file upload14.cif (mmCIF, C-alpha atoms)
data_final
loop_
_atom_site.label_atom_id
_atom_site.label_comp_id
_atom_site.auth_asym_id
_atom_site.auth_seq_id
_atom_site.Cartn_x
_atom_site.Cartn_y
_atom_site.Cartn_z
CA MET U 156 -9.28 188.69 87.50
CA ASN U 157 -5.67 189.74 87.09
CA PRO U 158 -5.81 192.73 84.67
CA GLU U 159 -2.84 191.29 82.78
CA LEU U 160 -4.99 188.29 81.87
CA SER U 161 -8.10 190.19 80.88
CA HIS U 162 -7.32 190.39 77.16
CA TYR U 163 -7.03 186.61 76.70
CA ARG U 164 -10.11 185.00 75.21
CA ARG U 165 -9.25 181.33 74.61
CA ILE U 166 -7.67 179.91 77.72
CA VAL U 167 -6.39 176.41 78.42
CA PHE U 168 -5.02 175.12 81.73
CA LEU U 169 -3.25 171.79 82.17
CA THR U 170 -2.89 170.46 85.71
CA GLY U 171 -0.89 167.60 87.17
CA ALA U 172 -0.52 165.90 90.52
CA GLY U 173 1.39 168.82 92.02
CA ILE U 174 -1.78 170.88 92.24
CA SER U 175 -3.30 168.27 94.60
CA ALA U 176 -0.25 167.87 96.84
CA ALA U 177 -1.53 170.52 99.26
CA SER U 178 -4.72 168.46 99.59
CA GLY U 179 -2.62 165.64 101.04
CA LEU U 180 -2.45 163.45 97.92
CA ARG U 181 0.82 161.95 96.72
CA THR U 182 2.34 163.02 93.43
CA TYR U 183 3.20 160.44 90.80
CA ARG U 184 6.78 161.37 89.99
CA GLY U 185 9.64 163.01 91.85
CA PRO U 186 10.64 162.41 95.48
CA GLY U 187 8.12 160.08 97.13
CA GLY U 188 6.13 159.72 93.91
CA ILE U 189 3.78 156.78 93.50
CA TRP U 190 5.49 155.48 90.37
CA ASP U 191 8.94 155.48 92.03
CA ASP U 192 8.10 152.01 93.34
CA ALA U 193 8.52 149.55 90.45
CA GLU U 194 6.07 147.07 91.96
CA VAL U 195 3.43 149.76 92.35
CA ALA U 196 4.03 150.95 88.79
CA GLU U 197 3.53 147.36 87.60
CA CYS U 198 0.10 147.32 89.26
CA GLY U 199 -0.80 150.34 87.16
CA HIS U 200 -0.20 148.52 83.87
CA VAL U 201 -3.04 147.14 81.77
CA HIS U 202 -1.29 143.75 81.63
CA THR U 203 -1.75 143.43 85.40
CA LEU U 204 -5.44 144.25 85.06
CA HIS U 205 -5.83 141.39 82.58
CA THR U 206 -3.79 138.85 84.53
CA GLN U 207 -4.09 139.86 88.20
CA PRO U 208 -6.97 142.34 88.52
CA GLN U 209 -6.89 142.09 92.31
CA ARG U 210 -3.52 143.87 92.23
CA THR U 211 -5.02 146.67 90.16
CA TRP U 212 -7.81 147.04 92.71
CA ALA U 213 -5.34 146.91 95.59
CA LEU U 214 -3.59 149.96 94.17
CA PHE U 215 -6.43 152.10 92.84
CA GLY U 216 -9.13 150.90 95.21
CA GLY U 217 -6.74 151.87 97.98
CA MET U 218 -6.64 155.42 96.61
CA ARG U 219 -10.37 155.91 96.95
CA GLU U 220 -10.49 156.58 100.68
CA PRO U 221 -7.68 159.21 100.65
CA VAL U 222 -9.25 160.89 97.63
CA ALA U 223 -12.67 160.96 99.30
CA ALA U 224 -11.12 162.43 102.45
CA ALA U 225 -9.17 165.11 100.55
CA ALA U 226 -10.59 168.59 100.04
CA PRO U 227 -9.90 171.00 97.17
CA ASN U 228 -7.11 173.39 98.12
CA ALA U 229 -6.61 177.06 97.29
CA ALA U 230 -5.25 176.26 93.81
CA HIS U 231 -8.32 174.22 92.82
CA LEU U 232 -10.60 176.92 94.21
CA ALA U 233 -8.69 179.68 92.40
CA LEU U 234 -9.19 177.96 89.05
CA ALA U 235 -12.90 177.49 89.71
CA ARG U 236 -13.30 181.15 90.70
CA PHE U 237 -11.32 182.28 87.67
CA GLU U 238 -13.58 180.25 85.38
CA ALA U 239 -16.64 181.76 87.06
CA THR U 240 -15.42 185.29 86.26
CA LEU U 241 -15.22 184.60 82.52
CA GLY U 242 -17.89 185.92 80.21
CA PRO U 243 -19.58 184.39 77.16
CA GLU U 244 -16.83 185.83 74.97
CA HIS U 245 -14.31 183.51 76.62
CA ASP U 246 -13.49 179.90 75.79
CA PHE U 247 -12.00 178.01 78.73
CA LEU U 248 -10.85 174.44 79.16
CA LEU U 249 -9.24 172.79 82.16
CA ILE U 250 -7.33 169.64 81.21
CA THR U 251 -6.22 167.52 84.14
CA GLN U 252 -3.96 164.51 84.32
CA ASN U 253 -5.30 163.87 87.83
CA ILE U 254 -7.79 161.16 88.71
CA ASP U 255 -8.96 162.66 92.02
CA GLY U 256 -11.95 164.74 90.86
CA LEU U 257 -10.92 167.69 93.05
CA HIS U 258 -11.37 170.25 90.27
CA GLN U 259 -15.04 169.37 89.91
CA ARG U 260 -15.51 169.35 93.66
CA ALA U 261 -13.99 172.85 93.76
CA GLY U 262 -16.59 174.03 91.25
CA SER U 263 -14.78 173.82 87.90
CA ARG U 264 -17.21 172.98 85.12
CA ARG U 265 -15.30 172.71 81.85
CA VAL U 266 -12.95 169.87 82.77
CA VAL U 267 -11.40 167.12 80.66
CA GLU U 268 -10.04 164.24 82.75
CA LEU U 269 -7.33 162.80 80.51
CA HIS U 270 -6.72 159.79 82.71
CA GLY U 271 -10.21 159.20 84.05
CA ASN U 272 -11.44 159.25 87.62
CA VAL U 273 -10.43 156.78 90.33
CA SER U 274 -13.83 157.09 92.00
CA THR U 275 -15.67 155.73 88.97
CA THR U 276 -16.03 152.05 88.06
CA ARG U 277 -16.70 150.49 84.66
CA CYS U 278 -16.69 147.08 83.02
CA SER U 279 -13.39 145.73 81.67
CA ASN U 280 -15.30 144.35 78.67
CA ASP U 281 -15.33 147.19 76.13
CA ASP U 282 -18.37 145.68 74.41
CA CYS U 283 -20.47 145.70 77.57
CA ALA U 284 -23.34 148.19 77.87
CA LEU U 285 -22.74 148.92 81.57
CA VAL U 286 -22.53 152.69 82.07
CA PRO U 287 -19.57 153.82 84.23
CA TYR U 288 -20.81 154.79 87.67
CA PRO U 289 -19.56 156.57 90.82
CA ASP U 290 -18.10 154.08 93.29
CA THR U 291 -16.24 154.69 96.55
CA THR U 292 -15.88 151.01 97.47
CA THR U 293 -12.25 149.86 97.68
CA HIS U 294 -13.07 146.26 96.63
CA ALA U 295 -10.17 145.12 98.78
CA GLY U 296 -11.58 141.65 99.40
CA ALA U 297 -12.44 140.44 95.91
CA VAL U 298 -12.54 141.61 92.31
CA PRO U 299 -16.06 142.93 91.60
CA ARG U 300 -17.97 141.46 88.67
CA CYS U 301 -20.15 143.18 86.11
CA PRO U 302 -23.88 142.63 86.76
CA HIS U 303 -24.50 142.65 82.98
CA CYS U 304 -21.85 140.36 81.52
CA GLY U 305 -19.92 138.87 84.44
CA SER U 306 -16.56 140.35 83.40
CA ALA U 307 -14.27 141.92 85.97
CA LEU U 308 -15.06 145.49 86.83
CA ARG U 309 -12.22 148.02 86.84
CA PRO U 310 -11.50 151.58 87.93
CA ASP U 311 -12.42 153.97 85.12
CA ILE U 312 -8.89 155.24 84.59
CA VAL U 313 -6.25 155.02 81.89
CA LEU U 314 -3.59 152.46 82.78
CA PHE U 315 -0.06 152.21 81.45
CA GLY U 316 -0.25 150.51 78.08
CA GLU U 317 -3.66 151.98 77.24
CA MET U 318 -4.59 154.78 74.85
CA LEU U 319 -6.09 158.01 76.10
CA PRO U 320 -9.82 158.41 75.28
CA MET U 321 -10.18 159.69 71.72
CA GLN U 322 -13.10 161.99 72.58
CA ALA U 323 -11.05 163.70 75.29
CA LEU U 324 -8.07 164.08 72.96
CA ARG U 325 -10.20 165.60 70.22
CA HIS U 326 -11.62 168.12 72.69
CA VAL U 327 -8.13 169.01 73.86
CA GLN U 328 -6.67 169.31 70.37
CA GLN U 329 -9.46 171.65 69.28
CA ALA U 330 -8.88 173.88 72.29
CA LEU U 331 -5.11 173.98 71.71
CA GLN U 332 -5.55 174.99 68.07
CA ASP U 333 -7.49 178.07 69.13
CA CYS U 334 -5.97 179.07 72.48
CA ASP U 335 -4.17 182.33 73.20
CA LEU U 336 -3.14 181.46 76.78
CA PHE U 337 -1.82 178.07 77.91
CA VAL U 338 -0.86 177.45 81.54
CA ALA U 339 0.60 174.22 82.95
CA VAL U 340 0.28 173.87 86.73
CA GLY U 341 1.81 171.23 89.01
CA THR U 342 3.05 168.93 86.28
CA SER U 343 6.55 167.73 85.48
CA GLY U 344 5.94 168.43 81.81
CA THR U 345 7.70 165.18 80.89
CA VAL U 346 4.84 162.75 80.15
CA THR U 347 3.43 162.51 76.65
CA PRO U 348 1.05 163.38 75.14
CA ALA U 349 0.40 166.08 77.73
CA ALA U 350 4.03 167.16 77.44
CA GLU U 351 3.38 168.01 73.81
CA PHE U 352 0.32 170.17 74.49
CA VAL U 353 2.46 173.25 75.07
CA ARG U 354 4.01 172.83 71.63
CA GLY U 355 0.59 172.88 70.03
CA ALA U 356 -0.42 175.95 72.04
CA ARG U 357 2.79 177.79 71.18
CA TYR U 358 2.34 176.92 67.50
CA ALA U 359 -1.13 178.48 67.70
CA GLY U 360 0.48 181.68 68.99
CA ALA U 361 -0.56 181.34 72.64
CA HIS U 362 1.33 182.84 75.55
CA THR U 363 2.62 179.82 77.49
CA VAL U 364 3.22 179.69 81.24
CA TYR U 365 4.76 176.98 83.43
CA LEU U 366 3.79 177.15 87.11
CA ASN U 367 5.32 174.53 89.37
CA LEU U 368 6.98 173.99 92.72
CA GLU U 369 10.33 173.39 91.02
CA PRO U 370 11.72 174.66 87.71
CA MET U 371 11.79 172.37 84.70
CA ARG U 372 15.33 171.27 83.95
CA PRO U 373 16.10 171.44 81.17
CA ARG U 374 13.48 174.08 80.56
CA HIS U 375 10.99 173.31 77.81
CA PRO U 376 11.65 175.82 75.02
CA ALA U 377 7.94 176.18 74.26
CA PHE U 378 7.22 177.80 77.64
CA ALA U 379 7.61 181.58 77.47
CA GLU U 380 7.20 182.21 81.20
CA GLU U 381 8.03 180.25 84.34
CA LEU U 382 6.52 180.85 87.80
CA ILE U 383 8.05 178.86 90.64
CA GLY U 384 6.39 178.13 93.97
CA PRO U 385 3.51 176.23 95.59
CA ALA U 386 0.44 176.27 93.34
CA GLU U 387 -1.87 176.89 96.29
CA GLU U 388 -0.01 180.16 96.99
CA LEU U 389 0.97 181.35 93.51
CA LEU U 390 -2.16 180.56 91.52
CA PRO U 391 -4.70 182.59 93.55
CA ARG U 392 -2.40 185.64 93.42
CA TRP U 393 -1.55 185.29 89.74
CA LEU U 394 -5.17 184.77 88.69
CA GLY U 395 -6.35 187.59 90.92
CA THR U 396 -8.81 185.43 92.83
CA ALA U 397 -7.12 185.58 96.26
#
call {"tool": "encode", "arguments": {"input": "upload14.cif", "output": "structure tokens"}}
result
Amino acid sequence: MNPELSHYRRIVFLTGAGISAASGLRTYRGPGGIWDDAEVAECGHVHTLHTQPQRTWALFGGMREPVAAAAPNAAHLALARFEATLGPEHDFLLITQNIDGLHQRAGSRRVVELHGNVSTTRCSNDDCALVPYPDTTTHAGAVPRCPHCGSALRPDIVLFGEMLPMQALRHVQQALQDCDLFVAVGTSGTVTPAAEFVRGARYAGAHTVYLNLEPMRPRHPAFAEELIGPAEELLPRWLGTA
């Protein structure tokens, strides 16, 4: 572990799509981002799921093969190794906006997936008892149906127009209230509510760090420190896990 980090006891990391770019996965915003295409962004809205679920599956089912083929990069592995060095006196939480599951595949254990996981399927009927399950099928040919209630199945992710899971938010809010180090990695810092997490951490007295390929402009006043460069290069060195 980096000696400069050794005195922190309650540590929260927030990661965005930029941390997975070196694994060959597209980011969501910025040059070449997935949501730059208005038609694609429309497919990611809950209204499209309700009216044209095949378009939802065309988008997110199509992500399953690239995600399955991707491997955790040095940034994912650095976070997992850093977590493994922490003792029982440490509290650690990794919050990710990503839906690729690469943090868990790298070995991270204490992970909150704010937006779900694209490789999990659940029923679109919230009253159905079907338990969400791992699923790598793209369902490109037809919308899959729930074996319990017959409703359309859906990727277990948060779409535009939907609320984030309350249980995940409660877990995050508790961690932010207590944290003394908050680090955002590979995220634009512009999407709420994740964009507000740094405010909560700063209010709690945490040291706040922004690590990204490009600087935030304008810079968020709640970040005390900014580290610029590729996450897969900077993070292992900064954490002392290289």
call {"tool": "resolve_selection", "arguments": {"input": "upload14.cif", "expression": "the PyMOL selection byres ((chain U and resi 162) around 12)", "output": "mmCIF file with C-alpha atoms, keeping the file's coordinate frame"}}
result
data_model
loop_
_atom_site.group_PDB
_atom_site.id
_atom_site.type_symbol
_atom_site.label_atom_id
_atom_site.label_comp_id
_atom_site.auth_asym_id
_atom_site.auth_seq_id
_atom_site.Cartn_x
_atom_site.Cartn_y
_atom_site.Cartn_z
ATOM 1 C CA MET U 156 -9.280 188.690 87.500
ATOM 2 C CA ASN U 157 -5.670 189.740 87.090
ATOM 3 C CA PRO U 158 -5.810 192.730 84.670
ATOM 4 C CA GLU U 159 -2.840 191.290 82.780
ATOM 5 C CA LEU U 160 -4.990 188.290 81.870
ATOM 6 C CA SER U 161 -8.100 190.190 80.880
ATOM 7 C CA TYR U 163 -7.030 186.610 76.700
ATOM 8 C CA ARG U 164 -10.110 185.000 75.210
ATOM 9 C CA ARG U 165 -9.250 181.330 74.610
ATOM 10 C CA ILE U 166 -7.670 179.910 77.720
ATOM 11 C CA LEU U 241 -15.220 184.600 82.520
ATOM 12 C CA GLY U 242 -17.890 185.920 80.210
ATOM 13 C CA GLU U 244 -16.830 185.830 74.970
ATOM 14 C CA HIS U 245 -14.310 183.510 76.620
ATOM 15 C CA ASP U 335 -4.170 182.330 73.200
ATOM 16 C CA LEU U 336 -3.140 181.460 76.780
ATOM 17 C CA HIS U 362 1.330 182.840 75.550
#
call {"tool": "atom_distance", "arguments": {"input": "upload14.cif", "atom1": "CA of Val298 (chain U)", "atom2": "CA of Glu197 (chain U)"}}
result
17.7 Å
call {"tool": "closest_residue", "arguments": {"input": "upload14.cif", "among": "U:Arg277, U:Arg354, U:His258, U:Arg309", "to": "Trp212 (chain U)", "atoms": "only C-alpha atoms"}}
result
U:Arg309
call {"tool": "resolve_selection", "arguments": {"input": "upload14.cif", "expression": "the PyMOL selection byres ((chain U and resi 333) around 12)", "output": "NGL selection string"}}
result
:U and (163-167 or 245-248 or 326-332 or 334-337 or 355-362)
call {"tool": "residues_around", "arguments": {"input": "upload14.cif", "residues": "region 368-370 of chain U", "least_positions_apart": "6", "cutoff": "12 Å", "atoms": "all atoms listed in the file", "output": "PyMOL selection string"}}
result
chain U and resi 171-177+182+185-186+339-344+378+380-390
call {"tool": "write_last_selection", "arguments": {"input": "upload14.cif", "atoms": "C-alpha atoms", "output": "PDB file, keeping the file's coordinate frame"}}
result
ATOM      1  CA  GLY U 171      -0.890 167.600  87.170  1.00  0.00           C
ATOM      2  CA  ALA U 172      -0.520 165.900  90.520  1.00  0.00           C
ATOM      3  CA  GLY U 173       1.390 168.820  92.020  1.00  0.00           C
ATOM      4  CA  ILE U 174      -1.780 170.880  92.240  1.00  0.00           C
ATOM      5  CA  SER U 175      -3.300 168.270  94.600  1.00  0.00           C
ATOM      6  CA  ALA U 176      -0.250 167.870  96.840  1.00  0.00           C
ATOM      7  CA  ALA U 177      -1.530 170.520  99.260  1.00  0.00           C
ATOM      8  CA  THR U 182       2.340 163.020  93.430  1.00  0.00           C
ATOM      9  CA  GLY U 185       9.640 163.010  91.850  1.00  0.00           C
ATOM     10  CA  PRO U 186      10.640 162.410  95.480  1.00  0.00           C
ATOM     11  CA  ALA U 339       0.600 174.220  82.950  1.00  0.00           C
ATOM     12  CA  VAL U 340       0.280 173.870  86.730  1.00  0.00           C
ATOM     13  CA  GLY U 341       1.810 171.230  89.010  1.00  0.00           C
ATOM     14  CA  THR U 342       3.050 168.930  86.280  1.00  0.00           C
ATOM     15  CA  SER U 343       6.550 167.730  85.480  1.00  0.00           C
ATOM     16  CA  GLY U 344       5.940 168.430  81.810  1.00  0.00           C
ATOM     17  CA  PHE U 378       7.220 177.800  77.640  1.00  0.00           C
ATOM     18  CA  GLU U 380       7.200 182.210  81.200  1.00  0.00           C
ATOM     19  CA  GLU U 381       8.030 180.250  84.340  1.00  0.00           C
ATOM     20  CA  LEU U 382       6.520 180.850  87.800  1.00  0.00           C
ATOM     21  CA  ILE U 383       8.050 178.860  90.640  1.00  0.00           C
ATOM     22  CA  GLY U 384       6.390 178.130  93.970  1.00  0.00           C
ATOM     23  CA  PRO U 385       3.510 176.230  95.590  1.00  0.00           C
ATOM     24  CA  ALA U 386       0.440 176.270  93.340  1.00  0.00           C
ATOM     25  CA  GLU U 387      -1.870 176.890  96.290  1.00  0.00           C
ATOM     26  CA  GLU U 388      -0.010 180.160  96.990  1.00  0.00           C
ATOM     27  CA  LEU U 389       0.970 181.350  93.510  1.00  0.00           C
ATOM     28  CA  LEU U 390      -2.160 180.560  91.520  1.00  0.00           C
TER      29      LEU U 390
END
call {"tool": "atom_distance", "arguments": {"input": "upload14.cif", "atom1": "CA of His270 (chain U)", "atom2": "CA of Leu180 (chain U)"}}
result
16.2 Å
call {"tool": "closest_residue", "arguments": {"input": "upload14.cif", "among": "U:Ala223, U:Leu232, U:Ala350, U:Ala239", "to": "Gln259 (chain U)", "atoms": "only C-alpha atoms"}}
result
U:Leu232
call {"tool": "atom_distance", "arguments": {"input": "upload14.cif", "atom1": "CA of His200 (chain U)", "atom2": "CA of Ile312 (chain U)"}}
result
11.0 Å
call {"tool": "closest_residue", "arguments": {"input": "upload14.cif", "among": "U:Leu234, U:Ile254, U:Ala323, U:Val313", "to": "Met218 (chain U)", "atoms": "all atoms listed in the file"}}
result
U:Ile254
call {"tool": "axis_aligned_box", "arguments": {"input": "upload14.cif", "around": "region 317-333 of chain U", "padding_each_side": "6 Å", "output": "AutoDock Vina command-line options"}}
result
--center_x -8.4 --center_y 165.0 --center_z 72.7 --size_x 21.4 --size_y 38.1 --size_z 21.2
call {"tool": "resolve_selection", "arguments": {"input": "upload14.cif", "expression": "the PyMOL selection byres ((chain U and resi 233) around 10)", "output": "NGL selection string"}}
result
:U and (227-232 or 234-239 or 261-263 or 386-397)
call {"tool": "closest_residue", "arguments": {"input": "upload14.cif", "among": "U:Asp311, U:Glu194, U:Asp290, U:Asp282", "to": "Glu268 (chain U)", "atoms": "all atoms listed in the file"}}
result
U:Asp311
call {"tool": "closest_residue", "arguments": {"input": "upload14.cif", "among": "U:Asn272, U:Ser178, U:Thr251, U:Asn280", "to": "Leu314 (chain U)", "atoms": "only C-alpha atoms"}}
result
U:Asn272
call {"tool": "closest_residue", "arguments": {"input": "upload14.cif", "among": "U:Gly305, U:Phe352, U:Val338, U:Phe215", "to": "Ala379 (chain U)", "atoms": "only C-alpha atoms"}}
result
U:Val338
call {"tool": "residues_around", "arguments": {"input": "upload14.cif", "residues": "Asp281 (chain U)", "least_positions_apart": "2", "cutoff": "12 Å", "atoms": "all atoms listed in the file", "output": "list of chain:residue names"}}
result
U:Arg277, U:Cys278, U:Ser279, U:Cys283, U:Ala284, U:Leu285, U:Val286, U:Pro287, U:Cys301, U:Cys304, U:Ser306, U:Ala307, U:Leu308, U:Arg309, U:Asp311
